[in-house]
>>> print(open('upload12.cif').read())   # mmCIF, C-alpha atoms
data_query
loop_
_atom_site.label_atom_id
_atom_site.label_comp_id
_atom_site.auth_asym_id
_atom_site.auth_seq_id
_atom_site.Cartn_x
_atom_site.Cartn_y
_atom_site.Cartn_z
CA MET A 21 -6.05 2.27 -28.54
CA SER A 22 -6.58 3.19 -24.89
CA VAL A 23 -4.21 4.58 -22.29
CA ARG A 24 -2.12 1.88 -20.61
CA ILE A 25 -1.71 1.52 -16.85
CA VAL A 26 1.53 0.29 -15.29
CA THR A 27 2.32 -0.48 -11.66
CA ASP A 28 4.81 -2.64 -9.78
CA SER A 29 4.39 -5.84 -7.80
CA ALA A 30 4.18 -3.98 -4.48
CA ALA A 31 0.58 -3.18 -5.48
CA GLY A 32 -0.49 -6.76 -4.75
CA LEU A 33 -3.02 -7.03 -7.57
CA SER A 34 -4.42 -10.48 -8.25
CA GLN A 35 -3.87 -12.08 -11.65
CA GLU A 36 -7.62 -12.01 -12.24
CA VAL A 37 -7.78 -8.23 -11.80
CA VAL A 38 -4.64 -7.70 -13.87
CA GLU A 39 -6.09 -9.65 -16.78
CA GLN A 40 -9.56 -8.15 -16.53
CA LEU A 41 -8.34 -4.55 -16.48
CA GLN A 42 -5.24 -5.10 -18.65
CA ILE A 43 -2.85 -3.60 -16.11
CA GLN A 44 0.87 -4.16 -16.63
CA VAL A 45 2.55 -5.24 -13.39
CA LEU A 46 6.36 -5.05 -13.23
CA ASP A 47 8.01 -7.39 -10.75
CA LEU A 48 10.33 -5.81 -8.20
CA HIS A 49 13.41 -7.90 -7.48
CA VAL A 50 13.49 -10.43 -4.62
CA MET A 51 16.96 -11.86 -3.98
CA ASP A 52 18.14 -14.73 -1.80
CA THR A 53 21.66 -14.28 -0.48
CA GLU A 54 23.11 -16.85 1.92
CA GLY A 55 19.67 -17.83 3.12
CA GLU A 56 18.44 -14.27 3.69
CA GLN A 57 16.03 -12.52 1.36
CA SER A 58 16.25 -8.91 0.29
CA THR A 59 14.64 -6.73 -2.37
CA SER A 60 15.69 -4.10 -4.86
CA GLY A 61 13.85 -1.68 -7.12
CA LEU A 62 13.51 -1.62 -10.88
CA THR A 63 16.16 0.17 -12.91
CA SER A 64 15.55 3.03 -15.31
CA LEU A 65 16.50 0.76 -18.22
CA GLU A 66 13.96 -1.87 -17.20
CA LEU A 67 11.29 0.77 -16.78
CA ALA A 68 12.05 2.58 -20.03
CA ALA A 69 11.76 -0.73 -21.91
CA ALA A 70 8.46 -1.53 -20.18
CA TYR A 71 7.02 1.92 -20.83
CA GLY A 72 8.08 1.66 -24.47
CA ARG A 73 6.22 -1.62 -24.91
CA GLN A 74 3.09 -0.15 -23.33
CA MET A 75 3.31 2.97 -25.51
CA GLU A 76 3.27 0.73 -28.58
CA ARG A 77 0.18 -1.07 -27.29
CA ALA A 78 -1.45 2.26 -26.49
CA ASN A 79 -0.69 3.56 -29.98
CA ASP A 80 0.89 6.57 -28.25
CA ALA A 81 -2.26 7.36 -26.21
CA GLY A 82 -0.03 7.44 -23.15
CA VAL A 83 0.93 5.55 -19.99
CA VAL A 84 0.12 6.15 -16.33
CA ALA A 85 2.70 4.54 -14.04
CA ILE A 86 1.94 4.13 -10.32
CA HIS A 87 4.88 3.05 -8.17
CA LEU A 88 5.88 2.19 -4.62
CA SER A 89 6.63 5.12 -2.30
CA LYS A 90 9.90 6.84 -3.13
CA GLU A 91 10.76 6.63 0.59
CA LEU A 92 10.60 2.83 0.43
CA SER A 93 12.19 2.06 -2.95
CA SER A 94 14.46 3.49 -5.63
CA THR A 95 11.89 2.53 -8.27
CA TRP A 96 10.13 5.90 -8.36
CA SER A 97 13.30 7.89 -9.09
CA ALA A 98 14.25 5.35 -11.77
CA ALA A 99 10.75 5.71 -13.21
CA VAL A 100 11.09 9.50 -13.43
CA THR A 101 14.36 9.04 -15.33
CA ALA A 102 12.78 6.47 -17.64
CA SER A 103 9.76 8.66 -18.35
CA GLY A 104 12.10 11.34 -19.72
CA VAL A 105 12.35 9.21 -22.86
CA PHE A 106 8.61 9.81 -23.42
CA PRO A 107 7.97 13.53 -22.77
CA ASP A 108 4.37 14.27 -21.77
CA THR A 109 3.15 10.76 -22.63
CA VAL A 110 4.31 8.75 -19.59
CA LYS A 111 3.00 10.17 -16.32
CA VAL A 112 4.69 8.77 -13.20
CA ILE A 113 2.94 8.83 -9.82
CA ASP A 114 4.62 8.41 -6.45
CA SER A 115 1.91 6.54 -4.55
CA GLY A 116 3.47 7.48 -1.21
CA SER A 117 2.30 4.05 -0.18
CA ALA A 118 2.51 0.30 -0.75
CA GLY A 119 0.00 -2.48 -1.21
CA MET A 120 -3.54 -2.07 -2.39
CA VAL A 121 -3.69 1.73 -2.22
CA MET A 122 -1.42 1.46 -5.25
CA GLY A 123 -3.57 -1.34 -6.62
CA ALA A 124 -6.78 0.65 -6.17
CA ALA A 125 -5.26 3.63 -7.98
CA ALA A 126 -4.23 1.39 -10.88
CA MET A 127 -7.71 -0.15 -10.98
CA ALA A 128 -9.44 3.24 -11.01
CA ALA A 129 -7.26 4.50 -13.85
CA ALA A 130 -7.57 1.23 -15.82
CA LYS A 131 -11.37 1.25 -15.65
CA LEU A 132 -11.44 4.74 -17.10
CA ALA A 133 -8.89 3.77 -19.75
CA GLN A 134 -11.14 0.95 -20.90
CA GLU A 135 -13.95 3.48 -21.29
CA GLY A 136 -11.77 5.58 -23.59
CA ALA A 137 -10.72 8.27 -21.10
CA SER A 138 -7.77 10.54 -21.89
CA LEU A 139 -4.30 10.33 -20.36
CA GLU A 140 -5.06 13.35 -18.17
CA GLU A 141 -8.33 11.82 -16.93
CA CYS A 142 -6.69 8.49 -16.09
CA HIS A 143 -3.83 10.25 -14.32
CA ALA A 144 -6.24 12.40 -12.30
CA ALA A 145 -8.25 9.35 -11.21
CA ALA A 146 -5.12 7.58 -9.98
CA VAL A 147 -3.90 10.64 -8.08
CA ASP A 148 -7.31 11.15 -6.48
CA THR A 149 -7.42 7.52 -5.32
CA VAL A 150 -3.93 7.76 -3.82
CA LYS A 151 -4.92 10.91 -1.92
CA ARG A 152 -7.94 9.14 -0.42
CA GLY A 153 -5.96 6.00 0.46
CA LYS A 154 -4.38 4.92 3.74
CA THR A 155 -2.42 1.80 4.70
CA TRP A 156 -1.90 0.18 8.07
CA VAL A 157 0.18 -2.92 8.85
CA TYR A 158 -0.26 -5.27 11.79
CA LEU A 159 3.00 -7.04 12.63
CA ASN A 160 4.10 -9.93 14.79
CA SER A 161 7.52 -8.25 15.02
CA THR A 162 9.36 -5.21 13.66
CA GLU A 163 12.62 -7.15 13.25
CA ASP A 164 12.35 -7.78 9.50
CA LEU A 165 11.46 -4.14 8.82
CA ARG A 166 14.25 -2.88 11.06
CA ARG A 167 16.85 -4.95 9.21
CA SER A 168 15.56 -3.74 5.85
CA GLY A 169 15.87 -0.06 6.79
CA ARG A 170 12.23 0.64 5.88
CA LEU A 171 11.30 2.04 9.28
CA SER A 172 11.45 5.73 10.05
CA ALA A 173 14.41 6.73 12.22
CA THR A 174 12.21 7.26 15.28
CA THR A 175 10.42 3.94 14.94
CA ALA A 176 13.69 2.10 14.31
CA MET A 177 15.00 3.44 17.62
CA LEU A 178 11.91 2.07 19.37
CA SER A 179 11.90 -1.30 17.62
CA THR A 180 13.79 -3.22 20.31
CA ALA A 181 11.24 -2.03 22.86
CA LEU A 182 8.42 -3.51 20.75
CA LEU A 183 9.55 -7.14 20.79
CA ALA A 184 6.92 -8.19 23.31
CA THR A 185 4.08 -6.25 21.66
CA LYS A 186 1.87 -6.48 18.57
CA PRO A 187 2.79 -3.23 16.79
CA ILE A 188 0.57 -1.41 14.32
CA MET A 189 2.34 0.63 11.66
CA SER A 190 1.01 3.16 9.20
CA ILE A 191 2.53 4.65 6.07
CA VAL A 192 2.93 8.34 6.85
CA GLY A 193 4.77 10.62 4.45
CA GLY A 194 5.76 7.55 2.47
CA LYS A 195 7.53 5.86 5.39
CA LEU A 196 6.42 3.37 8.03
CA GLU A 197 5.66 4.90 11.40
CA LEU A 198 4.55 3.28 14.62
CA VAL A 199 0.97 4.29 15.44
CA GLY A 200 0.05 1.74 18.07
CA LYS A 201 1.21 -1.17 20.19
CA THR A 202 -0.90 -3.76 21.95
CA ARG A 203 -0.28 -6.94 23.88
CA THR A 204 -2.69 -9.13 21.95
CA GLN A 205 -3.91 -9.59 18.42
CA THR A 206 -7.52 -9.10 19.50
CA LYS A 207 -6.78 -5.67 20.96
CA ALA A 208 -4.81 -4.71 17.85
CA PHE A 209 -7.72 -5.64 15.59
CA THR A 210 -10.17 -3.72 17.75
CA LYS A 211 -8.03 -0.59 17.55
CA LEU A 212 -7.66 -0.91 13.77
CA VAL A 213 -11.39 -1.36 13.22
CA ASP A 214 -12.25 1.60 15.46
CA LEU A 215 -9.75 3.82 13.67
CA ILE A 216 -10.91 2.91 10.17
CA ALA A 217 -14.63 3.15 11.02
CA SER A 218 -14.10 6.55 12.66
CA ARG A 219 -12.22 7.84 9.65
CA ALA A 220 -14.87 6.50 7.23
CA ASP A 221 -17.35 8.81 9.01
CA GLY A 222 -20.39 6.93 7.76
CA ASP A 223 -19.36 6.80 4.09
CA PRO A 224 -18.69 3.58 2.14
CA VAL A 225 -15.03 2.61 1.67
CA PHE A 226 -12.91 0.16 -0.27
CA VAL A 227 -10.88 -2.19 1.97
CA ALA A 228 -8.19 -4.63 0.88
CA LEU A 229 -6.49 -6.99 3.32
CA GLN A 230 -3.20 -8.67 2.43
CA HIS A 231 -1.58 -11.23 4.70
CA ASN A 232 1.60 -13.29 5.02
CA ASP A 233 0.84 -16.76 6.46
CA ALA A 234 -2.08 -15.31 8.42
CA GLU A 235 -5.20 -16.32 6.51
CA GLU A 236 -7.40 -17.11 9.52
CA PRO A 237 -6.55 -13.90 11.46
CA ALA A 238 -6.99 -11.88 8.26
CA GLU A 239 -10.43 -13.41 7.70
CA ARG A 240 -11.35 -12.59 11.29
CA LEU A 241 -10.25 -8.97 10.86
CA LEU A 242 -12.18 -8.80 7.59
CA GLU A 243 -15.35 -9.95 9.36
CA LEU A 244 -14.91 -7.25 12.02
CA LEU A 245 -14.46 -4.59 9.34
CA GLU A 246 -17.50 -5.80 7.39
CA MET A 247 -19.64 -5.46 10.52
CA ALA A 248 -18.26 -2.03 11.46
CA LEU A 249 -18.19 -0.24 8.10
CA PRO A 250 -21.14 1.34 6.25
CA GLU A 251 -23.31 -0.48 3.75
CA GLY A 252 -21.93 -0.16 0.24
CA SER A 253 -18.33 -0.74 1.31
CA SER A 254 -16.35 -3.26 -0.74
CA PHE A 255 -13.73 -5.73 0.44
CA MET A 256 -10.85 -7.82 -0.92
CA LEU A 257 -8.62 -10.43 0.73
CA GLU A 258 -5.32 -11.44 -0.87
CA GLU A 259 -1.97 -12.88 0.11
CA LEU A 260 0.85 -10.39 0.61
CA THR A 261 3.16 -10.30 -2.40
CA ASP A 262 6.70 -11.68 -1.99
CA VAL A 263 8.36 -8.28 -2.23
CA LEU A 264 6.34 -6.98 0.75
CA ALA A 265 6.32 -10.23 2.72
CA VAL A 266 10.13 -10.17 2.88
CA HIS A 267 9.98 -6.98 4.93
CA ALA A 268 6.75 -7.50 6.88
CA GLY A 269 7.56 -10.99 8.16
CA SER A 270 5.36 -13.98 8.94
CA GLY A 271 1.93 -13.21 10.40
CA ALA A 272 1.79 -9.67 9.01
CA ILE A 273 -1.53 -8.24 7.79
CA GLY A 274 -1.72 -5.14 5.63
CA VAL A 275 -4.94 -3.11 5.58
CA SER A 276 -5.34 -0.67 2.71
CA VAL A 277 -8.39 1.58 2.69
CA VAL A 278 -9.62 4.05 0.09
CA PHE A 279 -12.04 6.45 1.74
CA SER A 280 -14.88 8.28 0.02
CA LYS A 281 -13.22 11.63 0.60
CA GLU A 282 -9.73 12.85 1.33
CA THR A 283 -9.19 13.41 5.03
CA PRO A 284 -6.06 14.72 6.71
CA ASP A 285 -4.23 12.50 9.17
CA LYS A 286 -5.66 13.05 12.62
CA PRO A 287 -3.88 12.37 15.90
CA HIS A 288 -4.53 8.72 16.62
CA SER A 289 -6.00 7.46 19.87
CA PHE A 290 -3.60 4.58 20.42
CA PHE A 291 -1.58 6.44 23.02
CA ALA A 292 -3.10 8.20 26.00
CA PRO A 293 -2.83 12.00 25.72
CA ARG A 294 -0.43 13.70 28.07
CA LYS A 295 -1.95 15.40 31.05
CA PRO A 296 -1.54 19.18 30.99
CA ALA A 297 1.19 20.45 33.24
CA GLU A 298 0.01 21.75 36.56
CA LYS A 299 0.28 25.50 36.97
#
>>> encode(input="upload12.cif", output="structure tokens")
Amino acid sequence: MSVRIVTDSAAGLSQEVVEQLQIQVLDLHVMDTEGEQSTSGLTSLELAAAYGRQMERANDAGVVAIHLSKELSSTWSAAVTASGVFPDTVKVIDSGSAGMVMGAAAMAAAKLAQEGASLEECHAAAVDTVKRGKTWVYLNSTEDLRRSGRLSATTAMLSTALLATKPIMSIVGGKLELVGKTRTQTKAFTKLVDLIASRADGDPVFVALQHNDAEEPAERLLELLEMALPEGSSFMLEELTDVLAVHAGSGAIGVSVVFSKETPDKPHSFFAPRKPAEK
């Protein structure tokens, strides 16, 4: 039997892809308390049981598990604990991200697994995809993220000043950081497209858009990206999964991109550079 690939519902994979590539998706918990929704990660017991089932299906060929950033959820640390039950046969990856960067890593590993690749080869493919991936999020408001505690400390301090803007966030070091603010959706989309096209540097990319009650704007952004990015690029459009929608809020659009090569984060152009001090 082949290596099995496991991820969690923050990856946002469609049911069609899950079935086609035989990826096991574990649902993170979404809770409704007194009319307000919140989320919680998977426990080590839940994960150990899931890994055990996949090991049986793999006939001990091994499991690659790709999870939500450890800065955003307790799931990764629980996964490390759970993997201790299966020394050297369950490899856990901190995606350092959320959304379809995770999904793309799971897809890359699963395709190799179906071709009979080894555990080490599947793990390496997932890690390589994560390293080449980047996620941005366009928001109508930072309020839901601020309440959830998923913002970095610096961005949380700025959140009240962003109420009248259309903020753009990026996952940096596993946490959400503010990388831009605009007054209109059109300007936000233009900035996003310019940033992604510049970073692609003429090479084809994989782009996945996920939205929460924002299908028309997401389709418009997708069209802009299709026009701006090189031939050979591939695109997906999906709804944002419940566990991410709770934090992102209505109107949010996530943009996950896997570039052809790993590139370090560059200073973004959203804010005007400071003028040098006069001598």
>>> closest_atom_pairs(input="upload12.cif", of="stretch 25-114 of chain A", to="stretch 255-273 of chain A", cutoff="8 Å", atoms="only C-alpha atoms", output="JSON lines")
{"residue": "A:Ser29", "atom": "CA", "partner": "A:Thr261", "partner_atom": "CA", "distance": 7.1}
{"residue": "A:Ala30", "atom": "CA", "partner": "A:Leu264", "partner_atom": "CA", "distance": 6.4}
{"residue": "A:Gly32", "atom": "CA", "partner": "A:Thr261", "partner_atom": "CA", "distance": 5.6}
{"residue": "A:Ser34", "atom": "CA", "partner": "A:Glu258", "partner_atom": "CA", "distance": 7.5}
{"residue": "A:Leu48", "atom": "CA", "partner": "A:Val263", "partner_atom": "CA", "distance": 6.8}
{"residue": "A:His49", "atom": "CA", "partner": "A:Val263", "partner_atom": "CA", "distance": 7.3}
{"residue": "A:Val50", "atom": "CA", "partner": "A:Val263", "partner_atom": "CA", "distance": 6.1}
{"residue": "A:Gln57", "atom": "CA", "partner": "A:Val266", "partner_atom": "CA", "distance": 6.5}
{"residue": "A:Ser58", "atom": "CA", "partner": "A:Val266", "partner_atom": "CA", "distance": 6.8}
{"residue": "A:Thr59", "atom": "CA", "partner": "A:Val263", "partner_atom": "CA", "distance": 6.5}
>>> closest_residue(input="upload12.cif", among="A:Gln42, A:Thr53, A:Ser97, A:Asn160", to="A:Thr185", atoms="only C-alpha atoms")
A:Asn160
>>> resolve_selection(input="upload12.cif", expression="the PyMOL selection byres ((chain A and resi 137-147) around 10)", output="count of residues only")
40
>>> residues_around(input="upload12.cif", residues="A:Leu245", least_positions_apart="4", cutoff="12 Å", atoms="all atoms listed in the file", output="number ranges by chain")
A: 209-218, 220, 224-229, 238-241, 249-251, 253-257, 275-277
>>> resolve_selection(input="upload12.cif", expression="the PyMOL selection byres ((chain A and resi 71) around 12)", output="ChimeraX atom specification")
/A:23-27,44-46,64-70,72-78,80,82-86,99-107,109-112
>>> closest_residue(input="upload12.cif", among="A:Leu196, A:Gly55, A:Ala98, A:Gln205", to="A:Ala234", atoms="all atoms listed in the file")
A:Gln205
>>> closest_residue(input="upload12.cif", among="A:Ser60, A:Ser117, A:Ser280, A:Thr155", to="A:Gly194", atoms="all atoms listed in the file")
A:Ser117
>>> resolve_selection(input="upload12.cif", expression="the PyMOL selection byres ((chain A and resi 190) around 10)", output="short mmCIF file (atom, residue, chain, number, x, y, z; two decimals) with C-alpha atoms, keeping the file's coordinate frame")
data_model
loop_
_atom_site.label_atom_id
_atom_site.label_comp_id
_atom_site.auth_asym_id
_atom_site.auth_seq_id
_atom_site.Cartn_x
_atom_site.Cartn_y
_atom_site.Cartn_z
CA SER A 117 2.30 4.05 -0.18
CA LYS A 154 -4.38 4.92 3.74
CA THR A 155 -2.42 1.80 4.70
CA TRP A 156 -1.90 0.18 8.07
CA VAL A 157 0.18 -2.92 8.85
CA TYR A 158 -0.26 -5.27 11.79
CA ILE A 188 0.57 -1.41 14.32
CA MET A 189 2.34 0.63 11.66
CA ILE A 191 2.53 4.65 6.07
CA VAL A 192 2.93 8.34 6.85
CA GLY A 193 4.77 10.62 4.45
CA GLY A 194 5.76 7.55 2.47
CA LYS A 195 7.53 5.86 5.39
CA LEU A 196 6.42 3.37 8.03
CA GLU A 197 5.66 4.90 11.40
CA LEU A 198 4.55 3.28 14.62
CA VAL A 199 0.97 4.29 15.44
CA GLY A 200 0.05 1.74 18.07
CA GLY A 274 -1.72 -5.14 5.63
CA VAL A 275 -4.94 -3.11 5.58
CA SER A 276 -5.34 -0.67 2.71
#
>>> atom_distance(input="upload12.cif", atom1="atom CA of A:Pro187", atom2="atom CA of A:Leu62")
29.7 Å
>>> atom_distance(input="upload12.cif", atom1="atom CA of A:Glu236", atom2="atom CA of A:Leu92")
28.4 Å
>>> axis_aligned_box(input="upload12.cif", around="stretch 191-210 of chain A", padding_each_side="6 Å", output="AutoDock Vina command-line options")
--center_x -1.3 --center_y 0.5 --center_z 13.2 --size_x 29.7 --size_y 32.2 --size_z 33.4
>>> atom_distance(input="upload12.cif", atom1="atom CA of A:Ser161", atom2="atom CA of A:Lys186")
6.9 Å
>>> decode(input="upload12.cif", residues="stretch 138-164 of chain A", atoms="N, CA and C atoms", output="compact mmCIF listing (two decimals), in the first residue's frame")
# COMPACT_ATOMS: atom_id res chain seq x y z
N SER A 138 8.24 6.92 -1.76
CA SER A 138 8.52 6.55 -0.37
C SER A 138 8.04 7.63 0.59
N LEU A 139 8.02 7.30 1.87
CA LEU A 139 7.64 8.26 2.91
C LEU A 139 8.54 9.49 2.84
N GLU A 140 9.83 9.28 2.70
CA GLU A 140 10.78 10.40 2.65
C GLU A 140 10.53 11.29 1.44
N GLU A 141 10.22 10.68 0.30
CA GLU A 141 9.94 11.47 -0.91
C GLU A 141 8.66 12.27 -0.78
N CYS A 142 7.64 11.69 -0.21
CA CYS A 142 6.36 12.39 -0.01
C CYS A 142 6.53 13.54 0.99
N HIS A 143 7.27 13.28 2.05
CA HIS A 143 7.53 14.31 3.05
C HIS A 143 8.31 15.47 2.44
N ALA A 144 9.32 15.16 1.65
CA ALA A 144 10.15 16.20 1.02
C ALA A 144 9.32 17.05 0.07
N ALA A 145 8.41 16.44 -0.68
CA ALA A 145 7.57 17.19 -1.61
C ALA A 145 6.65 18.16 -0.87
N ALA A 146 6.10 17.71 0.25
CA ALA A 146 5.22 18.58 1.04
C ALA A 146 5.99 19.74 1.63
N VAL A 147 7.17 19.48 2.16
CA VAL A 147 8.00 20.54 2.76
C VAL A 147 8.41 21.55 1.69
N ASP A 148 8.79 21.07 0.52
CA ASP A 148 9.20 21.96 -0.57
C ASP A 148 8.05 22.87 -0.98
N THR A 149 6.85 22.32 -1.06
CA THR A 149 5.68 23.12 -1.45
C THR A 149 5.39 24.20 -0.41
N VAL A 150 5.45 23.83 0.87
CA VAL A 150 5.23 24.80 1.94
C VAL A 150 6.24 25.94 1.86
N LYS A 151 7.49 25.61 1.57
CA LYS A 151 8.54 26.64 1.50
C LYS A 151 8.31 27.61 0.35
N ARG A 152 7.67 27.13 -0.72
CA ARG A 152 7.41 27.98 -1.88
C ARG A 152 6.06 28.69 -1.79
N GLY A 153 5.30 28.43 -0.72
CA GLY A 153 3.96 28.97 -0.61
C GLY A 153 3.88 30.26 0.18
N LYS A 154 2.87 31.05 -0.13
CA LYS A 154 2.62 32.32 0.56
C LYS A 154 1.13 32.59 0.56
N THR A 155 0.62 33.10 1.69
CA THR A 155 -0.81 33.38 1.81
C THR A 155 -1.06 34.83 2.20
N TRP A 156 -2.00 35.44 1.49
CA TRP A 156 -2.48 36.78 1.83
C TRP A 156 -3.98 36.70 2.10
N VAL A 157 -4.48 37.62 2.91
CA VAL A 157 -5.91 37.66 3.21
C VAL A 157 -6.40 39.10 3.10
N TYR A 158 -7.41 39.29 2.25
CA TYR A 158 -8.10 40.58 2.16
C TYR A 158 -9.29 40.54 3.10
N LEU A 159 -9.42 41.56 3.95
CA LEU A 159 -10.47 41.59 4.96
C LEU A 159 -11.36 42.82 4.82
N ASN A 160 -12.63 42.64 5.19
CA ASN A 160 -13.49 43.80 5.36
C ASN A 160 -13.23 44.48 6.69
N SER A 161 -12.78 43.68 7.68
CA SER A 161 -12.52 44.20 9.02
C SER A 161 -11.58 43.25 9.75
N THR A 162 -10.80 43.78 10.69
CA THR A 162 -9.93 42.94 11.50
C THR A 162 -10.59 42.52 12.82
N GLU A 163 -11.84 42.90 13.02
CA GLU A 163 -12.48 42.69 14.32
C GLU A 163 -12.54 41.22 14.72
N ASP A 164 -12.96 40.35 13.79
CA ASP A 164 -13.08 38.93 14.12
C ASP A 164 -11.72 38.33 14.46
